[in-house]
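Just data19.cif here, mmCIF, C-alpha atoms and all ligand atoms:
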data_query
loop_
_atom_site.label_atom_id
_atom_site.label_comp_id
_atom_site.auth_asym_id
_atom_site.auth_seq_id
_atom_site.Cartn_x
_atom_site.Cartn_y
_atom_site.Cartn_z
CA MET A 157 -12.06 -9.19 -23.11
CA GLY A 158 -8.71 -7.45 -22.77
CA TRP A 159 -5.34 -8.43 -24.15
CA PRO A 160 -3.30 -10.77 -21.96
CA MET A 161 -0.92 -7.94 -21.06
CA SER A 162 -3.61 -5.37 -20.33
CA THR A 163 -3.10 -5.44 -16.55
CA ALA A 164 0.60 -4.61 -16.85
CA THR A 165 0.30 -1.16 -18.39
CA LYS A 166 2.66 1.65 -17.55
CA HIS A 167 -0.23 3.21 -15.61
CA GLU A 168 -0.29 0.34 -13.16
CA PRO A 169 0.10 1.83 -9.68
CA ALA A 170 3.59 1.36 -8.19
CA PHE A 171 1.99 -0.32 -5.18
CA LEU A 172 0.57 -3.08 -7.40
CA LYS A 173 3.87 -3.49 -9.21
CA ALA A 174 5.57 -4.09 -5.86
CA LEU A 175 2.86 -6.56 -4.84
CA SER A 176 3.41 -8.52 -8.02
CA GLY A 177 7.08 -8.89 -7.18
CA GLN A 178 8.81 -5.97 -8.91
CA THR A 179 11.73 -4.21 -7.23
CA LEU A 180 11.29 -0.45 -7.61
CA SER A 181 14.00 2.16 -7.14
CA THR A 182 11.55 4.25 -5.09
CA PRO A 183 9.30 2.02 -3.01
CA PRO A 184 5.59 2.83 -2.95
CA ILE A 185 4.42 4.12 0.43
CA TRP A 186 1.22 4.25 2.44
CA MET A 187 0.61 4.16 6.22
CA MET A 188 -1.68 2.04 8.32
CA ARG A 189 -4.33 4.30 9.92
CA GLN A 190 -3.37 7.03 7.46
CA ALA A 191 -6.92 8.38 7.66
CA GLY A 192 -7.18 9.32 11.29
CA ARG A 193 -6.89 11.65 14.22
CA TYR A 194 -3.45 13.10 13.44
CA LEU A 195 -5.17 14.97 10.56
CA PRO A 196 -7.18 18.13 11.40
CA GLU A 197 -9.45 17.53 8.39
CA TYR A 198 -10.25 14.07 9.80
CA ARG A 199 -11.03 15.45 13.26
CA GLU A 200 -13.35 18.01 11.71
CA LEU A 201 -15.40 15.45 9.76
CA ARG A 202 -15.32 13.04 12.69
CA ALA A 203 -16.89 15.77 14.88
CA LYS A 204 -19.55 16.39 12.24
CA ALA A 205 -20.37 12.68 12.05
CA GLY A 206 -20.89 12.59 15.82
CA SER A 207 -19.43 9.14 16.41
CA PHE A 208 -16.76 6.95 14.88
CA LEU A 209 -19.31 4.35 13.75
CA SER A 210 -21.56 6.98 12.14
CA LEU A 211 -18.53 8.03 10.14
CA CYS A 212 -17.83 4.41 9.12
CA TYR A 213 -21.42 3.91 7.92
CA ASN A 214 -21.79 7.23 6.08
CA PRO A 215 -20.50 6.50 2.54
CA GLU A 216 -20.11 10.15 1.58
CA MET A 217 -18.10 11.04 4.69
CA ALA A 218 -16.17 7.76 4.81
CA ALA A 219 -15.15 8.22 1.16
CA GLU A 220 -14.01 11.77 1.92
CA VAL A 221 -11.96 10.60 4.91
CA THR A 222 -10.38 7.82 2.80
CA LEU A 223 -9.27 10.43 0.25
CA GLN A 224 -7.96 13.05 2.72
CA PRO A 225 -4.46 11.56 3.19
CA ILE A 226 -4.18 10.97 -0.58
CA ARG A 227 -4.87 14.63 -1.31
CA ARG A 228 -2.59 15.91 1.43
CA PHE A 229 0.39 13.57 0.96
CA GLY A 230 -0.08 11.72 -2.34
CA PHE A 231 0.40 8.26 -0.84
CA ASP A 232 0.67 5.41 -3.35
CA ALA A 233 -2.35 3.62 -1.90
CA ALA A 234 -5.60 4.56 -0.21
CA ILE A 235 -7.10 2.27 2.43
CA LEU A 236 -10.84 2.03 2.84
CA PHE A 237 -12.02 3.89 5.92
CA SER A 238 -13.95 1.47 8.11
CA ASP A 239 -13.10 -0.84 11.02
CA ILE A 240 -12.47 -4.55 11.47
CA LEU A 241 -15.31 -4.71 14.02
CA VAL A 242 -18.09 -4.00 11.52
CA VAL A 243 -17.99 -7.75 10.78
CA PRO A 244 -19.08 -8.85 14.28
CA GLN A 245 -21.69 -6.11 14.15
CA ALA A 246 -23.01 -7.52 10.85
CA LEU A 247 -23.17 -10.90 12.61
CA GLY A 248 -25.57 -9.31 15.08
CA GLN A 249 -23.23 -8.56 17.98
CA LYS A 250 -23.79 -5.22 19.71
CA LEU A 251 -20.89 -2.80 19.10
CA TRP A 252 -20.16 0.70 20.33
CA PHE A 253 -17.08 2.86 20.88
CA VAL A 254 -16.30 4.61 24.16
CA GLU A 255 -14.76 8.02 23.50
CA GLY A 256 -11.04 8.03 24.32
CA GLU A 257 -11.03 4.30 25.18
CA GLY A 258 -11.98 2.07 22.28
CA PRO A 259 -14.43 -0.59 21.17
CA ARG A 260 -16.97 -2.37 23.34
CA LEU A 261 -19.04 -5.42 22.34
CA GLU A 262 -21.43 -7.64 24.26
CA PRO A 263 -19.01 -10.53 24.96
CA VAL A 264 -19.61 -13.96 23.40
CA ALA A 265 -18.31 -16.07 26.26
CA ASP A 266 -20.50 -19.17 26.14
CA ALA A 267 -22.83 -21.18 23.89
CA THR A 268 -25.91 -19.19 24.96
CA ARG A 269 -24.25 -15.97 23.89
CA LEU A 270 -23.12 -17.52 20.61
CA GLY A 271 -26.78 -18.41 20.00
CA GLU A 272 -27.55 -14.69 20.06
CA ILE A 273 -25.35 -13.94 17.10
CA ASN A 274 -26.12 -15.03 13.53
CA GLU A 275 -24.44 -17.69 11.43
CA ARG A 276 -24.19 -15.35 8.45
CA ALA A 277 -23.43 -11.64 8.29
CA ASP A 278 -26.28 -9.37 7.20
CA PRO A 279 -25.14 -7.87 3.86
CA ASP A 280 -27.48 -4.89 4.33
CA LEU A 281 -25.48 -3.76 7.35
CA LEU A 282 -22.24 -3.80 5.34
CA ALA A 283 -23.83 -2.21 2.24
CA PRO A 284 -22.81 1.36 3.24
CA VAL A 285 -19.15 0.28 3.46
CA ILE A 286 -19.38 -1.27 0.00
CA GLU A 287 -20.95 1.97 -1.24
CA THR A 288 -17.93 3.81 0.21
CA VAL A 289 -15.67 1.59 -1.92
CA ARG A 290 -17.61 2.49 -5.08
CA ARG A 291 -17.38 6.20 -4.32
CA VAL A 292 -13.67 6.19 -3.55
CA LYS A 293 -12.98 4.17 -6.68
CA THR A 294 -14.48 6.85 -8.92
CA SER A 295 -12.38 9.66 -7.38
CA LEU A 296 -8.93 8.09 -6.98
CA PRO A 297 -6.08 9.13 -9.30
CA GLN A 298 -5.14 6.21 -11.55
CA GLU A 299 -1.66 5.94 -10.03
CA THR A 300 -3.14 5.41 -6.56
CA ALA A 301 -4.01 1.85 -5.61
CA PHE A 302 -7.01 1.09 -3.41
CA ILE A 303 -6.82 -1.36 -0.49
CA GLY A 304 -9.76 -3.04 1.22
CA PHE A 305 -9.45 -5.04 4.42
CA CYS A 306 -10.90 -7.20 7.13
CA GLY A 307 -9.68 -8.37 10.50
CA ALA A 308 -8.26 -11.88 10.73
CA PRO A 309 -10.50 -14.36 12.57
CA TRP A 310 -8.18 -14.66 15.58
CA THR A 311 -7.94 -10.90 16.15
CA VAL A 312 -11.68 -10.32 15.57
CA ALA A 313 -12.49 -13.22 17.92
CA THR A 314 -10.37 -11.66 20.70
CA TYR A 315 -12.71 -8.64 20.65
CA MET A 316 -15.88 -10.72 20.26
CA VAL A 317 -15.02 -12.90 23.26
CA ALA A 318 -13.63 -10.24 25.62
CA GLY A 319 -16.01 -7.49 24.51
CA ARG A 320 -13.08 -5.08 24.28
CA GLY A 321 -9.36 -4.82 23.60
CA THR A 322 -7.23 -6.78 26.06
CA PRO A 323 -3.49 -6.55 26.79
CA ASP A 324 -2.86 -10.30 26.59
CA GLN A 325 -5.95 -11.68 24.77
CA GLY A 326 -6.60 -13.64 27.97
CA PRO A 327 -10.36 -14.18 27.61
CA ALA A 328 -10.07 -15.58 24.06
CA LYS A 329 -7.19 -17.85 25.11
CA ALA A 330 -9.17 -19.05 28.11
CA LEU A 331 -12.10 -19.90 25.83
CA PHE A 332 -10.09 -21.86 23.25
CA GLY A 333 -8.49 -23.70 26.15
CA SER A 334 -11.73 -24.61 27.89
CA ASP A 335 -14.11 -24.96 24.94
CA PRO A 336 -12.23 -25.27 21.63
CA ALA A 337 -15.37 -26.42 19.78
CA LEU A 338 -17.24 -23.26 20.73
CA PHE A 339 -14.23 -21.11 19.82
CA GLN A 340 -14.02 -22.92 16.48
CA GLN A 341 -17.65 -22.01 15.77
CA ILE A 342 -16.89 -18.34 16.39
CA ILE A 343 -13.87 -18.56 14.07
CA ASP A 344 -15.95 -20.34 11.39
CA ARG A 345 -18.55 -17.57 11.36
CA ILE A 346 -15.89 -14.89 11.04
CA VAL A 347 -14.21 -16.84 8.20
CA GLU A 348 -17.43 -17.11 6.17
CA ALA A 349 -18.44 -13.48 6.80
CA SER A 350 -14.95 -12.24 5.90
CA ILE A 351 -14.88 -14.12 2.59
CA ASP A 352 -18.19 -12.53 1.55
CA TYR A 353 -17.12 -9.12 2.82
CA LEU A 354 -13.74 -9.12 1.02
CA CYS A 355 -15.37 -10.38 -2.20
CA ALA A 356 -17.93 -7.57 -2.03
CA GLN A 357 -15.11 -5.03 -1.61
CA ILE A 358 -13.23 -6.52 -4.58
CA GLU A 359 -16.38 -6.46 -6.73
CA ALA A 360 -16.92 -2.79 -5.80
CA GLY A 361 -13.39 -1.82 -6.87
CA VAL A 362 -10.54 -2.38 -4.40
CA ASP A 363 -7.26 -3.51 -6.04
CA ALA A 364 -5.97 -5.52 -3.08
CA VAL A 365 -7.11 -6.55 0.39
CA GLN A 366 -5.24 -6.76 3.68
CA ILE A 367 -6.05 -9.19 6.50
CA PHE A 368 -5.15 -7.54 9.83
CA ASP A 369 -4.09 -10.03 12.51
CA SER A 370 -2.97 -7.51 15.10
CA TRP A 371 -2.74 -10.06 17.91
CA ALA A 372 -1.09 -12.94 16.01
CA GLY A 373 2.07 -12.43 18.08
CA SER A 374 0.44 -13.60 21.29
CA LEU A 375 -0.06 -17.19 20.03
CA GLY A 376 2.42 -20.06 20.53
CA ALA A 377 3.33 -22.12 17.45
CA ASP A 378 0.53 -24.72 17.71
CA ASP A 379 -2.20 -22.20 18.51
CA PHE A 380 -0.84 -19.95 15.77
CA GLU A 381 -1.26 -22.78 13.28
CA ARG A 382 -4.80 -23.54 14.41
CA TRP A 383 -6.23 -20.08 15.04
CA CYS A 384 -4.22 -17.85 12.73
CA VAL A 385 -2.79 -19.85 9.79
CA THR A 386 -5.69 -22.22 9.11
CA PRO A 387 -8.54 -19.64 9.23
CA THR A 388 -6.48 -17.19 7.17
CA ARG A 389 -5.81 -19.87 4.56
CA ARG A 390 -9.57 -20.55 4.39
CA ILE A 391 -10.23 -16.86 3.72
CA VAL A 392 -7.52 -16.71 1.03
CA ASP A 393 -8.89 -19.87 -0.63
CA GLY A 394 -12.49 -18.65 -0.34
CA VAL A 395 -11.72 -15.26 -1.90
CA ARG A 396 -9.59 -16.80 -4.68
CA ALA A 397 -12.33 -19.33 -5.49
CA ARG A 398 -14.47 -16.36 -6.58
CA HIS A 399 -11.71 -13.95 -7.62
CA PRO A 400 -8.68 -15.98 -8.67
CA LYS A 401 -6.51 -12.92 -9.39
CA SER A 402 -7.19 -11.05 -6.17
CA ARG A 403 -4.15 -9.68 -4.37
CA ILE A 404 -4.07 -10.46 -0.67
CA ILE A 405 -1.70 -9.03 1.96
CA GLY A 406 -1.43 -10.82 5.29
CA PHE A 407 -0.39 -8.97 8.42
CA PRO A 408 0.20 -11.40 11.29
CA ARG A 409 1.63 -8.70 13.51
CA GLY A 410 4.27 -9.90 15.93
CA ALA A 411 4.48 -13.42 14.47
CA GLY A 412 8.23 -12.95 13.80
CA ARG A 413 9.87 -16.31 13.13
CA LEU A 414 6.50 -17.94 12.35
CA ILE A 415 5.93 -15.65 9.36
CA PRO A 416 7.67 -17.88 6.74
CA ARG A 417 5.34 -20.71 7.79
CA TYR A 418 2.34 -18.33 7.60
CA VAL A 419 3.32 -17.18 4.10
CA ALA A 420 3.86 -20.71 2.79
CA ALA A 421 0.66 -22.11 4.28
CA THR A 422 -1.78 -19.27 3.63
CA GLY A 423 -0.71 -18.36 0.10
CA VAL A 424 -0.87 -14.59 0.70
CA ASP A 425 0.74 -12.45 -2.04
CA ALA A 426 2.62 -10.20 0.38
CA VAL A 427 3.11 -9.81 4.11
CA GLY A 428 3.28 -6.92 6.57
CA LEU A 429 6.21 -6.74 8.98
CA GLU A 430 6.01 -5.41 12.54
CA SER A 431 8.59 -2.89 13.74
CA ASP A 432 10.61 -5.12 16.03
CA ILE A 433 11.21 -7.98 13.59
CA ASP A 434 14.84 -8.94 12.93
CA ARG A 435 15.44 -7.21 9.60
CA ALA A 436 18.14 -9.57 8.34
CA PHE A 437 15.85 -12.52 9.08
CA ALA A 438 12.92 -10.80 7.39
CA ARG A 439 14.96 -10.05 4.27
CA ASP A 440 16.52 -13.53 3.99
CA GLU A 441 13.63 -15.72 5.11
CA ILE A 442 10.49 -13.73 4.25
CA GLN A 443 11.22 -11.30 1.41
CA SER A 444 12.77 -14.24 -0.45
CA LEU A 445 9.26 -15.76 -0.51
CA VAL A 446 6.94 -12.76 -1.08
CA PRO A 447 7.00 -8.95 -1.25
CA VAL A 448 7.11 -7.36 2.20
CA GLN A 449 5.48 -4.22 3.61
CA GLY A 450 6.51 -2.27 6.71
CA ASN A 451 8.29 -1.81 9.14
CA LEU A 452 9.09 1.69 10.39
CA ASP A 453 8.35 2.08 14.09
CA PRO A 454 5.37 4.46 14.60
CA LEU A 455 7.15 5.79 17.72
CA VAL A 456 10.14 6.82 15.58
CA LEU A 457 7.81 8.63 13.18
CA ARG A 458 6.20 10.45 16.08
CA SER A 459 9.59 11.51 17.52
CA GLY A 460 11.02 12.64 14.17
CA GLY A 461 14.48 14.20 14.01
CA PRO A 462 17.71 12.54 12.81
CA GLU A 463 16.56 9.19 14.24
CA LEU A 464 13.67 9.20 11.74
CA GLU A 465 16.05 9.76 8.81
CA ARG A 466 18.36 7.01 10.11
CA GLU A 467 15.54 4.51 10.52
CA VAL A 468 14.08 5.25 7.07
CA GLU A 469 17.53 4.49 5.67
CA ALA A 470 17.82 1.29 7.73
CA VAL A 471 14.42 0.06 6.50
CA ARG A 472 15.33 0.84 2.90
CA ALA A 473 18.77 -0.73 3.25
CA ALA A 474 17.18 -3.93 4.53
CA PHE A 475 14.32 -4.26 2.03
CA GLY A 476 14.97 -1.87 -0.87
CA ASP A 477 16.77 -4.45 -3.03
CA GLY A 478 13.64 -6.61 -3.33
CA PRO A 479 9.88 -6.19 -3.73
CA PHE A 480 8.90 -3.80 -0.97
CA VAL A 481 6.14 -1.41 0.12
CA PHE A 482 7.18 1.23 2.63
CA ASN A 483 4.83 1.41 5.62
CA LEU A 484 4.82 1.53 9.40
CA GLY A 485 5.01 -1.59 11.56
CA HIS A 486 1.60 -0.66 13.05
CA GLY A 487 -0.86 2.23 12.80
CA ILE A 488 0.26 5.87 12.95
CA LEU A 489 -0.17 7.34 16.45
CA PRO A 490 -2.81 10.09 16.80
CA ASP A 491 -0.32 12.63 18.21
CA THR A 492 2.14 12.29 15.31
CA PRO A 493 3.07 15.72 13.87
CA ILE A 494 2.09 16.17 10.22
CA ALA A 495 5.56 17.63 9.54
CA HIS A 496 7.08 14.24 10.42
CA VAL A 497 4.90 12.50 7.83
CA GLU A 498 6.08 15.06 5.28
CA ARG A 499 9.71 14.36 6.27
CA LEU A 500 9.09 10.64 5.91
CA LEU A 501 7.67 11.03 2.40
CA ALA A 502 10.53 13.29 1.36
CA ALA A 503 13.09 10.81 2.72
CA VAL A 504 11.49 7.78 1.05
CA ARG A 505 11.08 9.56 -2.28
CA ALA A 506 14.47 11.33 -2.25
O1 LIG B 601 -5.80 2.30 8.19
C1 LIG B 601 -6.75 3.08 7.92
O2 LIG B 601 -6.58 4.31 7.79
C2 LIG B 601 -8.12 2.49 7.62
C3 LIG B 601 -9.06 2.45 8.68
C4 LIG B 601 -8.88 1.50 9.86
C5 LIG B 601 -9.34 1.82 11.16
N1 LIG B 601 -9.20 0.72 11.94
C6 LIG B 601 -9.90 3.11 11.56
C7 LIG B 601 -10.02 3.45 12.99
C8 LIG B 601 -8.38 0.19 9.90
C9 LIG B 601 -7.72 -0.64 8.80
C10 LIG B 601 -8.60 -0.30 11.23
C11 LIG B 601 -8.26 -1.67 11.66
C12 LIG B 601 -8.45 -2.03 13.06
N2 LIG B 601 -9.45 -1.67 13.92
C13 LIG B 601 -7.63 -2.98 13.74
C14 LIG B 601 -6.46 -3.72 13.14
C15 LIG B 601 -5.26 -2.86 13.01
C16 LIG B 601 -4.67 -2.41 14.33
O3 LIG B 601 -4.70 -1.19 14.55
O4 LIG B 601 -4.19 -3.24 15.11
C17 LIG B 601 -8.14 -3.10 15.05
C18 LIG B 601 -7.57 -3.97 16.15
C19 LIG B 601 -9.30 -2.28 15.15
C20 LIG B 601 -10.23 -2.11 16.31
C21 LIG B 601 -10.18 -0.74 16.83
N3 LIG B 601 -10.72 0.36 16.18
C22 LIG B 601 -9.64 -0.29 18.04
C23 LIG B 601 -8.94 -1.17 19.07
C24 LIG B 601 -9.86 1.10 18.12
C25 LIG B 601 -9.56 2.00 19.28
C26 LIG B 601 -8.12 2.37 19.34
C27 LIG B 601 -7.91 3.71 18.70
O5 LIG B 601 -6.95 3.87 17.93
O6 LIG B 601 -8.72 4.63 19.00
C28 LIG B 601 -10.49 1.48 16.91
C29 LIG B 601 -10.90 2.86 16.52
C30 LIG B 601 -10.47 3.37 15.19
N4 LIG B 601 -10.40 2.64 14.03
C31 LIG B 601 -10.10 4.71 14.90
C32 LIG B 601 -9.82 4.77 13.53
C33 LIG B 601 -9.44 5.99 12.73
C34 LIG B 601 -10.09 5.86 15.89
C35 LIG B 601 -11.52 6.20 16.19
C36 LIG B 601 -11.83 7.68 16.34
O7 LIG B 601 -11.68 8.46 15.36
O8 LIG B 601 -12.28 8.04 17.42
#

Show me the file's structure as structure tokens.
Ligand code: CP3
Amino acid sequence: MGWPMSTATKHEPAFLKALSGQTLSTPPIWMMRQAGRYLPEYRELRAKAGSFLSLCYNPEMAAEVTLQPIRRFGFDAAILFSDILVVPQALGQKLWFVEGEGPRLEPVADATRLGEINERADPDLLAPVIETVRRVKTSLPQETAFIGFCGAPWTVATYMVAGRGTPDQGPAKALFGSDPALFQQIIDRIVEASIDYLCAQIEAGVDAVQIFDSWAGSLGADDFERWCVTPTRRIVDGVRARHPKSRIIGFPRGAGRLIPRYVAATGVDAVGLESDIDRAFARDEIQSLVPVQGNLDPLVLRSGGPELEREVEAVRAAFGDGPFVFNLGHGILPDTPIAHVERLLAAVRA
């Protein structure tokens, strides 16, 4: 057993200090989708793997891809290379990716189709991802934190129901309108599978986990409460029941003015901020509750130039006086020049 103070050593990664509420003069930085197509070394390994999913399920390659942006840029945190849709696949739903388009699943649109997927996720199918966590853990520098993740039930359900990404999440909304009990069953399965999956990642060595709710912004207040807040709180409670000290970041992207409610009700340790949130509101009403992470616009990073420097300053001016992790408001775009990422790091660390 360690001393009571043993977790707060000077070697604690800056990212974890920020998550536990410390204000740092230089904020830690990482980027959503930091392992991805904007990197030539990623594209090379991705070609070798053959398909995106083969890369996700190959622990040696997935660990390498996770480490690539750490080696190149020295980010303060690594994020596990995988995808949120491995959970529906572990539940037995067919999943594939169409080159240049995105994910496809066999839609779960009615009770018969729900009968074809399992109540519990098959841990054997997720075992390679957990093996990736173990491998990354042994090769990360001690100052670099390691983040695991899952998709939030609402966002994962939008893909399970529609069978693909949708601009307005119409099919999932139609289903919770016409058959809320069936939709609830889908949500319940994702909740249970996600608790087990996040716990397995924590046991294999991640320091924190992030729950991605990319489509939270498309829900009105009542539906947000029912399909985003409540299932997320169940995941947080379920993970903490097994791992009381786990650090959990919520990212209800686009939820804007509903975020304070989300933070209070779910009990997340920190929250991600989208790019178009009102910064004064976010500082006064959200960062006063928990550390925040975000919110540079990925389009600004892609464009670069003086606008990038100005926006980095604006983000730091808004959030730099409190607990803060520098990040984008959504994933980095595949055609972002590497030189712009270098400029970003130099500006944040100047
Ligand atoms: O952030 C990271 O670097 C970790 C890896 C990661 C990926 N996807 C890799 C990926 C993470 C955390 C995700 C999360 C994810 N996946 C989300 C939530 C976050 C968000 O972006 O909104 C969602 C909705 C998905 C589902 C998904 N995966 C879609 C819609 C797509 C196609 C769109 C696209 O960008 O191509 C993917 C594919 C995907 N996931 C890629 C990567 C690197 C690109 C696949 C390729 O290399 O061909």

Margin query: Please find the residues contacting ligand LIG 601 (chain B) at a distance of at most 7 Å between atoms, with all atoms listed in the file counted, and report them as number ranges by chain.
Written below: A: 187-193, 202, 208, 235-241, 255-259, 305, 307, 311, 321, 368-370, 486-487

Checklist line | Separation of CA of Asp453 (chain A) from CA of Ala470 (chain A), in Å and rounded to one decimal | finding: 11.4 Å

Margin query: Restricting the calculation to only C-alpha atoms: of A:Glu463, A:Glu359, A:Asp324, A:Asp352, which residue gets closest to Ser374 (chain A)?
Written below: A:Asp324

Next item on the list: Tell me, as a ChimeraX atom specification, which residues lie within 7 Å of region 496-502 of chain A, counting all atoms listed in the file; anything in the same chain fewer than 6 positions away does not count.
Entry: /A:457-458,460

Next item on the list: Select, from A:His167, A:Arg435, A:Arg389, A:Arg320, the residue with the minimum atom-to-atom distance to Ile405 (chain A), counting all atoms listed in the file.
Entry: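 For Ile405 (chain A), the nearest of the given residues is A:Arg389.
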
Check: Separation of CA of Pro263 (chain A) and CA of Tyr315 (chain A), in Å?
Finding: 7.9 Å

Next item on the list: Taking the point (-11.3, -13.5, 28.8) as given in the file, collect each protein or nucleic acid residue that comes within 12 Å of it, counting only C-alpha atoms, and present the set as a PyMOL selection string.
Entry: chain A and resi 263-266+313-334
